[in-house]
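Next comes run-v4.pdb, a file with PDB, C-alpha atoms.
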ATOM      1  CA  MET G   8     -23.426   8.512  49.277
ATOM      2  CA  PHE G   9     -20.249   6.523  48.736
ATOM      3  CA  ARG G  10     -20.226   3.978  45.927
ATOM      4  CA  LEU G  11     -19.626   0.238  46.317
ATOM      5  CA  ILE G  12     -17.675  -2.021  43.971
ATOM      6  CA  ALA G  13     -18.067  -5.585  45.191
ATOM      7  CA  GLY G  14     -18.315  -9.227  44.254
ATOM      8  CA  PRO G  15     -16.306 -12.449  44.411
ATOM      9  CA  CYS G  16     -12.586 -12.405  43.719
ATOM     10  CA  VAL G  17     -12.993 -14.595  40.662
ATOM     11  CA  ILE G  18     -15.896 -16.081  38.716
ATOM     12  CA  GLU G  19     -16.228 -19.607  40.079
ATOM     13  CA  SER G  20     -19.443 -20.425  38.211
ATOM     14  CA  LYS G  21     -22.306 -18.523  36.629
ATOM     15  CA  GLU G  22     -24.659 -19.642  39.392
ATOM     16  CA  ASN G  23     -22.356 -18.483  42.176
ATOM     17  CA  ALA G  24     -21.619 -15.105  40.582
ATOM     18  CA  MET G  25     -25.279 -14.498  39.734
ATOM     19  CA  MET G  26     -26.383 -15.286  43.283
ATOM     20  CA  ILE G  27     -23.816 -12.916  44.782
ATOM     21  CA  ALA G  28     -24.744 -10.150  42.337
ATOM     22  CA  LYS G  29     -28.457 -10.468  43.115
ATOM     23  CA  HIS G  30     -27.843 -10.396  46.866
ATOM     24  CA  LEU G  31     -25.611  -7.321  46.654
ATOM     25  CA  LYS G  32     -28.078  -5.552  44.366
ATOM     26  CA  GLU G  33     -30.910  -6.133  46.852
ATOM     27  CA  VAL G  34     -28.795  -4.893  49.774
ATOM     28  CA  THR G  35     -27.504  -1.781  48.030
ATOM     29  CA  ASP G  36     -30.957  -0.910  46.704
ATOM     30  CA  ARG G  37     -32.312  -1.016  50.251
ATOM     31  CA  LEU G  38     -29.476   1.142  51.528
ATOM     32  CA  GLY G  39     -29.365   3.582  48.622
ATOM     33  CA  ILE G  40     -25.740   2.844  47.719
ATOM     34  CA  PRO G  41     -24.640   3.065  44.052
ATOM     35  CA  PHE G  42     -23.384  -0.441  43.204
ATOM     36  CA  THR G  43     -21.090  -2.004  40.619
ATOM     37  CA  PHE G  44     -20.610  -5.778  40.526
ATOM     38  CA  LYS G  45     -16.994  -6.925  40.270
ATOM     39  CA  ALA G  46     -15.543 -10.328  39.450
ATOM     40  CA  SER G  47     -12.436 -11.421  37.562
ATOM     41  CA  PHE G  48     -12.533 -13.710  34.534
ATOM     42  CA  ASP G  49      -8.828 -14.474  35.012
ATOM     43  CA  LYS G  50      -6.509 -14.145  37.994
ATOM     44  CA  ALA G  51      -3.202 -13.918  36.153
ATOM     45  CA  ASN G  52      -1.026 -13.326  39.217
ATOM     46  CA  ARG G  53      -1.942 -16.205  41.525
ATOM     47  CA  THR G  54       0.823 -17.264  43.923
ATOM     48  CA  SER G  55       0.941 -20.841  42.622
ATOM     49  CA  ILE G  56       0.721 -22.038  39.037
ATOM     50  CA  LYS G  57      -1.623 -24.745  40.331
ATOM     51  CA  SER G  58      -4.163 -22.238  41.662
ATOM     52  CA  TYR G  59      -7.534 -21.683  39.986
ATOM     53  CA  ARG G  60      -7.443 -18.693  37.623
ATOM     54  CA  GLY G  61     -11.012 -18.390  36.362
ATOM     55  CA  PRO G  62     -13.121 -19.304  33.324
ATOM     56  CA  GLY G  63     -11.155 -17.174  30.867
ATOM     57  CA  ILE G  64     -12.074 -14.073  28.921
ATOM     58  CA  GLU G  65     -14.696 -15.483  26.533
ATOM     59  CA  LYS G  66     -16.757 -17.469  29.021
ATOM     60  CA  GLY G  67     -16.140 -14.977  31.814
ATOM     61  CA  LEU G  68     -17.347 -11.966  29.851
ATOM     62  CA  GLN G  69     -20.449 -13.880  28.763
ATOM     63  CA  ILE G  70     -21.267 -14.555  32.423
ATOM     64  CA  LEU G  71     -20.692 -10.902  33.319
ATOM     65  CA  SER G  72     -22.853  -9.803  30.387
ATOM     66  CA  ASP G  73     -25.660 -12.104  31.548
ATOM     67  CA  ILE G  74     -25.410 -10.711  35.083
ATOM     68  CA  LYS G  75     -25.486  -7.148  33.763
ATOM     69  CA  GLU G  76     -28.650  -7.829  31.778
ATOM     70  CA  GLU G  77     -30.510 -10.046  34.246
ATOM     71  CA  VAL G  78     -29.628  -8.318  37.522
ATOM     72  CA  GLY G  79     -29.420  -4.784  36.144
ATOM     73  CA  VAL G  80     -26.027  -3.810  37.569
ATOM     74  CA  ARG G  81     -22.931  -2.063  36.344
ATOM     75  CA  ILE G  82     -19.930  -4.326  35.793
ATOM     76  CA  ALA G  83     -16.269  -3.991  36.771
ATOM     77  CA  THR G  84     -13.514  -6.418  35.878
ATOM     78  CA  ASP G  85      -9.770  -6.312  35.430
ATOM     79  CA  VAL G  86      -7.470  -6.583  32.441
ATOM     80  CA  HIS G  87      -3.891  -7.827  32.392
ATOM     81  CA  GLU G  88      -2.877  -7.277  28.772
ATOM     82  CA  PRO G  89      -3.593  -4.399  26.359
ATOM     83  CA  TRP G  90      -5.328  -6.635  23.809
ATOM     84  CA  GLN G  91      -8.006  -7.511  26.376
ATOM     85  CA  ALA G  92      -9.186  -3.940  26.912
ATOM     86  CA  GLY G  93     -11.330  -3.491  23.810
ATOM     87  CA  THR G  94     -13.181  -6.770  24.290
ATOM     88  CA  VAL G  95     -13.678  -6.164  28.012
ATOM     89  CA  GLY G  96     -14.907  -2.635  27.302
ATOM     90  CA  GLU G  97     -17.841  -4.076  25.360
ATOM     91  CA  VAL G  98     -19.227  -5.466  28.637
ATOM     92  CA  ALA G  99     -17.611  -3.680  31.579
ATOM     93  CA  ASP G 100     -18.567  -0.217  32.790
ATOM     94  CA  ILE G 101     -15.352   0.010  34.820
ATOM     95  CA  ILE G 102     -12.058  -1.434  33.611
ATOM     96  CA  GLN G 103      -9.792  -2.155  36.532
ATOM     97  CA  ILE G 104      -5.997  -2.022  36.351
ATOM     98  CA  PRO G 105      -4.408  -4.516  38.769
ATOM     99  CA  ALA G 106      -2.041  -3.008  41.311
ATOM    100  CA  PHE G 107       1.031  -4.813  40.005
ATOM    101  CA  LEU G 108       0.358  -3.347  36.542
ATOM    102  CA  CYS G 109      -0.520   0.260  37.356
ATOM    103  CA  ARG G 110       2.676   1.565  35.718
ATOM    104  CA  GLN G 111       2.203  -0.438  32.489
ATOM    105  CA  THR G 112       1.757   2.372  29.974
ATOM    106  CA  ASP G 113       0.342   0.312  27.104
ATOM    107  CA  LEU G 114      -2.222  -1.312  29.398
ATOM    108  CA  LEU G 115      -3.336   2.032  30.835
ATOM    109  CA  VAL G 116      -3.650   3.612  27.396
ATOM    110  CA  ALA G 117      -5.590   0.651  25.985
ATOM    111  CA  ALA G 118      -8.042   0.781  28.883
ATOM    112  CA  ALA G 119      -8.451   4.537  28.541
ATOM    113  CA  LYS G 120      -9.153   4.316  24.814
ATOM    114  CA  THR G 121     -12.258   2.208  25.474
ATOM    115  CA  GLY G 122     -13.945   5.315  26.897
ATOM    116  CA  LYS G 123     -15.029   3.349  29.941
ATOM    117  CA  ALA G 124     -14.196   4.381  33.502
ATOM    118  CA  VAL G 125     -10.735   3.213  34.528
ATOM    119  CA  ASN G 126     -10.010   2.196  38.120
ATOM    120  CA  ILE G 127      -6.248   2.278  38.694
ATOM    121  CA  LYS G 128      -5.205   0.289  41.743
ATOM    122  CA  LYS G 129      -2.113   1.700  43.424
ATOM    123  CA  ALA G 130       0.747  -0.773  43.481
ATOM    124  CA  GLN G 131       1.818  -2.147  46.831
ATOM    125  CA  PHE G 132       5.285  -0.707  46.196
ATOM    126  CA  LEU G 133       4.187   2.743  45.028
ATOM    127  CA  ALA G 134       4.006   5.951  47.055
ATOM    128  CA  PRO G 135       0.612   7.701  46.929
ATOM    129  CA  TRP G 136       2.061  10.827  45.307
ATOM    130  CA  ASP G 137       3.574   8.732  42.512
ATOM    131  CA  MET G 138       0.068   7.904  41.292
ATOM    132  CA  VAL G 139       0.084  11.283  39.563
ATOM    133  CA  ASN G 140       2.320   9.712  36.912
ATOM    134  CA  CYS G 141      -0.305   7.023  36.228
ATOM    135  CA  ILE G 142      -2.907   9.755  35.883
ATOM    136  CA  ASP G 143      -0.736  11.729  33.483
ATOM    137  CA  LYS G 144      -0.458   8.745  31.145
ATOM    138  CA  ILE G 145      -4.176   8.688  30.352
ATOM    139  CA  LYS G 146      -5.970  11.826  31.550
ATOM    140  CA  ASP G 147      -5.770  13.471  28.122
ATOM    141  CA  ILE G 148      -7.299  10.354  26.565
ATOM    142  CA  ASN G 149      -9.918   9.632  29.204
ATOM    143  CA  SER G 150     -10.442  11.626  32.383
ATOM    144  CA  ASN G 151     -13.105   9.239  33.703
ATOM    145  CA  LEU G 152     -10.794   7.507  36.134
ATOM    146  CA  MET G 153     -10.527   6.480  39.779
ATOM    147  CA  LEU G 154      -7.611   5.737  42.059
ATOM    148  CA  CYS G 155      -7.762   2.734  44.359
ATOM    149  CA  GLU G 156      -5.741   2.133  47.541
ATOM    150  CA  ARG G 157      -5.072  -1.507  48.435
ATOM    151  CA  GLY G 158      -2.303  -1.321  51.012
ATOM    152  CA  THR G 159       1.460  -0.955  50.886
ATOM    153  CA  VAL G 160       4.129  -3.617  51.344
ATOM    154  CA  PHE G 161       5.491  -3.578  54.880
ATOM    155  CA  GLY G 162       8.108  -6.264  55.247
ATOM    156  CA  TYR G 163       7.484  -9.789  54.043
ATOM    157  CA  ASN G 164       3.938 -11.172  53.601
ATOM    158  CA  ASN G 165       2.308  -8.101  55.074
ATOM    159  CA  LEU G 166       0.519  -4.917  54.002
ATOM    160  CA  VAL G 167      -0.342  -1.717  55.848
ATOM    161  CA  VAL G 168      -2.695   1.128  54.956
ATOM    162  CA  ASP G 169      -1.471   4.699  55.273
ATOM    163  CA  MET G 170      -4.620   6.769  55.648
ATOM    164  CA  THR G 171      -2.702   9.942  54.800
ATOM    165  CA  GLY G 172      -2.160   8.422  51.367
ATOM    166  CA  LEU G 173      -5.911   8.555  50.758
ATOM    167  CA  VAL G 174      -5.850  12.285  51.461
ATOM    168  CA  GLU G 175      -2.839  12.670  49.161
ATOM    169  CA  MET G 176      -4.579  10.917  46.272
ATOM    170  CA  LYS G 177      -7.795  12.883  46.839
ATOM    171  CA  SER G 178      -5.784  16.041  46.133
ATOM    172  CA  PHE G 179      -5.335  14.948  42.501
ATOM    173  CA  GLY G 180      -9.000  15.664  41.815
ATOM    174  CA  PHE G 181     -10.225  12.173  40.949
ATOM    175  CA  PRO G 182     -12.433   9.805  42.978
ATOM    176  CA  VAL G 183     -10.554   7.624  45.446
ATOM    177  CA  ILE G 184     -11.710   4.091  46.208
ATOM    178  CA  PHE G 185     -10.553   2.109  49.227
ATOM    179  CA  ASP G 186     -10.045  -1.612  48.726
ATOM    180  CA  ALA G 187     -11.020  -2.987  52.109
ATOM    181  CA  THR G 188     -10.277  -6.652  51.454
ATOM    182  CA  HIS G 189      -7.024  -6.689  49.488
ATOM    183  CA  SER G 190      -5.648  -4.308  52.108
ATOM    184  CA  VAL G 191      -5.863  -7.096  54.697
ATOM    185  CA  GLN G 192      -4.094  -9.683  52.580
ATOM    186  CA  LYS G 193      -0.976 -11.538  53.638
ATOM    187  CA  PRO G 194       0.634 -11.902  50.194
ATOM    188  CA  GLY G 195       2.113 -15.368  49.866
ATOM    189  CA  GLY G 196       1.451 -15.793  53.568
ATOM    190  CA  LYS G 197       0.524 -19.471  53.201
ATOM    191  CA  GLY G 198       3.598 -20.340  51.190
ATOM    192  CA  ASN G 199       1.773 -21.354  48.014
ATOM    193  CA  ALA G 200      -1.243 -19.103  48.546
ATOM    194  CA  THR G 201      -2.187 -15.700  49.917
ATOM    195  CA  GLY G 202      -3.435 -15.402  53.469
ATOM    196  CA  GLY G 203      -5.397 -12.598  55.076
ATOM    197  CA  ASN G 204      -7.272 -11.181  58.053
ATOM    198  CA  ARG G 205     -10.839 -10.439  56.970
ATOM    199  CA  GLU G 206     -11.739  -9.268  60.498
ATOM    200  CA  PHE G 207      -9.785  -6.058  59.822
ATOM    201  CA  ALA G 208     -11.648  -5.195  56.603
ATOM    202  CA  GLU G 209     -14.480  -3.343  58.336
ATOM    203  CA  PRO G 210     -12.321  -1.283  60.735
ATOM    204  CA  LEU G 211     -10.131  -0.137  57.853
ATOM    205  CA  ALA G 212     -13.167   0.662  55.704
ATOM    206  CA  LYS G 213     -14.609   2.730  58.546
ATOM    207  CA  ALA G 214     -11.377   4.704  58.793
ATOM    208  CA  ALA G 215     -11.298   5.257  55.043
ATOM    209  CA  ILE G 216     -14.876   6.545  54.983
ATOM    210  CA  ALA G 217     -14.030   8.894  57.857
ATOM    211  CA  VAL G 218     -11.024  10.184  55.888
ATOM    212  CA  GLY G 219     -13.330  10.963  52.967
ATOM    213  CA  VAL G 220     -12.954   8.338  50.248
ATOM    214  CA  ASP G 221     -15.516   8.246  47.456
ATOM    215  CA  GLY G 222     -16.139   4.542  47.497
ATOM    216  CA  ILE G 223     -15.395   1.122  48.930
ATOM    217  CA  PHE G 224     -14.165  -1.911  47.032
ATOM    218  CA  MET G 225     -14.582  -5.276  48.693
ATOM    219  CA  GLU G 226     -14.617  -8.900  47.715
ATOM    220  CA  THR G 227     -17.273 -11.119  49.201
ATOM    221  CA  HIS G 228     -18.359 -14.747  49.063
ATOM    222  CA  PRO G 229     -21.033 -16.869  50.764
ATOM    223  CA  ASP G 230     -18.387 -19.378  51.914
ATOM    224  CA  PRO G 231     -14.953 -17.707  51.918
ATOM    225  CA  GLU G 232     -13.263 -20.658  53.604
ATOM    226  CA  ASN G 233     -13.948 -22.719  50.485
ATOM    227  CA  ALA G 234     -13.591 -19.964  47.878
ATOM    228  CA  LEU G 235     -11.258 -20.666  44.961
ATOM    229  CA  SER G 236      -9.268 -17.436  45.366
ATOM    230  CA  ASP G 237      -8.521 -14.956  48.186
ATOM    231  CA  GLY G 238     -10.852 -16.624  50.649
ATOM    232  CA  ALA G 239      -8.873 -15.517  53.710
ATOM    233  CA  ASN G 240      -9.592 -11.837  53.150
ATOM    234  CA  MET G 241     -13.064 -11.928  51.581
ATOM    235  CA  VAL G 242     -16.037 -10.751  53.640
ATOM    236  CA  TYR G 243     -18.841 -13.227  54.309
ATOM    237  CA  LEU G 244     -21.737 -12.327  52.015
ATOM    238  CA  ASP G 245     -24.257 -12.361  54.847
ATOM    239  CA  LYS G 246     -22.133  -9.828  56.774
ATOM    240  CA  VAL G 247     -22.033  -7.235  53.996
ATOM    241  CA  GLU G 248     -25.307  -5.479  54.823
ATOM    242  CA  GLY G 249     -24.390  -4.939  58.473
ATOM    243  CA  MET G 250     -20.973  -3.665  57.467
ATOM    244  CA  LEU G 251     -22.482  -1.211  54.980
ATOM    245  CA  LYS G 252     -24.961   0.058  57.555
ATOM    246  CA  ASN G 253     -22.065   0.859  59.863
ATOM    247  CA  LEU G 254     -20.193   2.621  57.055
ATOM    248  CA  ILE G 255     -23.275   4.698  56.220
ATOM    249  CA  LYS G 256     -23.426   5.946  59.819
ATOM    250  CA  ILE G 257     -19.845   7.160  59.583
ATOM    251  CA  TYR G 258     -20.384   8.651  56.139
ATOM    252  CA  LYS G 259     -23.359  10.643  57.399
ATOM    253  CA  ALA G 260     -21.452  11.786  60.469
ATOM    254  CA  VAL G 261     -18.613  13.239  58.418
ATOM    255  CA  ASN G 262     -20.880  14.563  55.657
ATOM    256  CA  ASP G 263     -23.578  16.162  57.802
ATOM    257  CA  ASP G 264     -24.341  18.714  55.112
ATOM    258  CA  GLU G 265     -25.707  15.998  52.809
TER     259      GLU G 265
END
Since I need it in another form, could you write the structure as structure tokens?
Amino acid sequence: MFRLIAGPCVIESKENAMMIAKHLKEVTDRLGIPFTFKASFDKANRTSIKSYRGPGIEKGLQILSDIKEEVGVRIATDVHEPWQAGTVGEVADIIQIPAFLCRQTDLLVAAAKTGKAVNIKKAQFLAPWDMVNCIDKIKDINSNLMLCERGTVFGYNNLVVDMTGLVEMKSFGFPVIFDATHSVQKPGGKGNATGGNREFAEPLAKAAIAVGVDGIFMETHPDPENALSDGANMVYLDKVEGMLKNLIKIYKAVNDDE
């Protein structure tokens, strides 16, 4: 079965993050999908300096640690600077490299040295085959890594997904994750904030599962319209189970030997 990495874009409060984690854990347990809860403690690349960034590393990691213990889930979160990796690695099971930073050698090496799984998000400006250079920077340190597709820049304020790129990255021999919600972003599309088209998240995820990805990444929120970050592309929390059921049907159809 494909794996799921999901949660809110950013930690808004402990109560909100805990509620989302519990809901996703219940859903994925019912459906038999391996699940990792994801939320950011800091969104360091918001469009506007006035935008909410998160609770910060100390408070954020404490919330993630509490969720890990109370809900019984694996944790994924992102790092933006090399010094963060060691501290984050004490809590997170997956350290995520943001797309804009996937070529940052020191950041990749610091994440790899934690021994935790490293999820490298492909930059919006990077060709799929160029991800081999990101792999080469850390594979001799830590081969427990994943590659994540989140769309490619196509003109201004728009992204497209090249499904052949998923096949290309699969050829490198590491798990490939498809980011269904960042792929439907409209970067800077609102002038001082990012827009998006969440209605396209499921169709793209279906296509990615059919192509053969190893997992789906998605951000979700009970009230995306009032979320503090990336609301326009996040999936409604109460829609996640139906979406996953549809993805399972496709997964089984293309993996009929399992």
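When only C-alpha atoms are used to measure the gap to Val86 of chain G, the shortest distance among G:Asp49, G:Glu206, G:Asp100, G:Glu65 belongs to G:Asp49.
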Practice prompt. Would you translate the PyMOL selection byres ((chain G and resi 34-37) around 12) into the concrete set of residues it matches in this file, as a PyMOL selection string?
Written response: chain G and resi 8-13+27-33+38-44+78-80+244-252+255
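Residues captured in this structure file are His87, Glu88, Pro89, Ile104, Leu108, Cys109, Arg110, Gln111, Asp113, Leu114, Leu115, Val116, Ala117, Ala118, Ala119, Ile127, Asn140, Cys141, Ile142, Asp143, Lys144 and Ile145 of chain G, according to the PyMOL selection byres ((chain G and resi 112) around 12).
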Margin query: Selection in question (the file shown): the PyMOL selection byres ((chain G and resi 135) around 8). Which residues does it include, as an MDAnalysis selection string?
Written below: chainID G and resid 129 133:134 136:138 172:173 175:176
Item to complete: List every protein, DNA or RNA residue that has an atom no more than 10 Å from (-11.7, -15.0, 52.0) in the file's coordinate frame, counting all atoms listed in the file, and report them as a list in words.
Response: Pro15, Cys16, Thr188, His189, Gln192, Thr201, Gly202, Gly203, Asn204, Arg205, Glu226, Thr227, His228, Pro229, Asp230, Pro231, Glu232, Asn233, Ala234, Leu235, Ser236, Asp237, Gly238, Ala239, Asn240, Met241, Val242 and Tyr243 of chain G
From the list G:Ile101, G:Ala92, G:Ile64, G:Ile216, the nearest residue to Lys259 of chain G using all atoms listed in the file is G:Ile216
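Proximity of G:Ala51, G:Val174, G:Ile184, G:Leu254 to Pro210 of chain G, computed with all atoms listed in the file, is greatest for G:Leu254.
For the pair atom CA of Asn262 of chain G and atom CA of Ser178 of chain G, the separation is 17.9 Å.
Picture a line from atom CA of Asn253 of chain G to atom CA of Lys213 of chain G; it runs 7.8 Å.
Atom pair atom CA of Glu77 of chain G / atom CA of Phe185 of chain G: separated by 27.8 Å.
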- Item | Close residues, segment 155-161 of chain G itself excluded, 8 Å, all atoms listed in the file, min 2 positions apart in chain, as a PyMOL selection string | chain G and resi 106+126-133+153+163-169+173+183-191
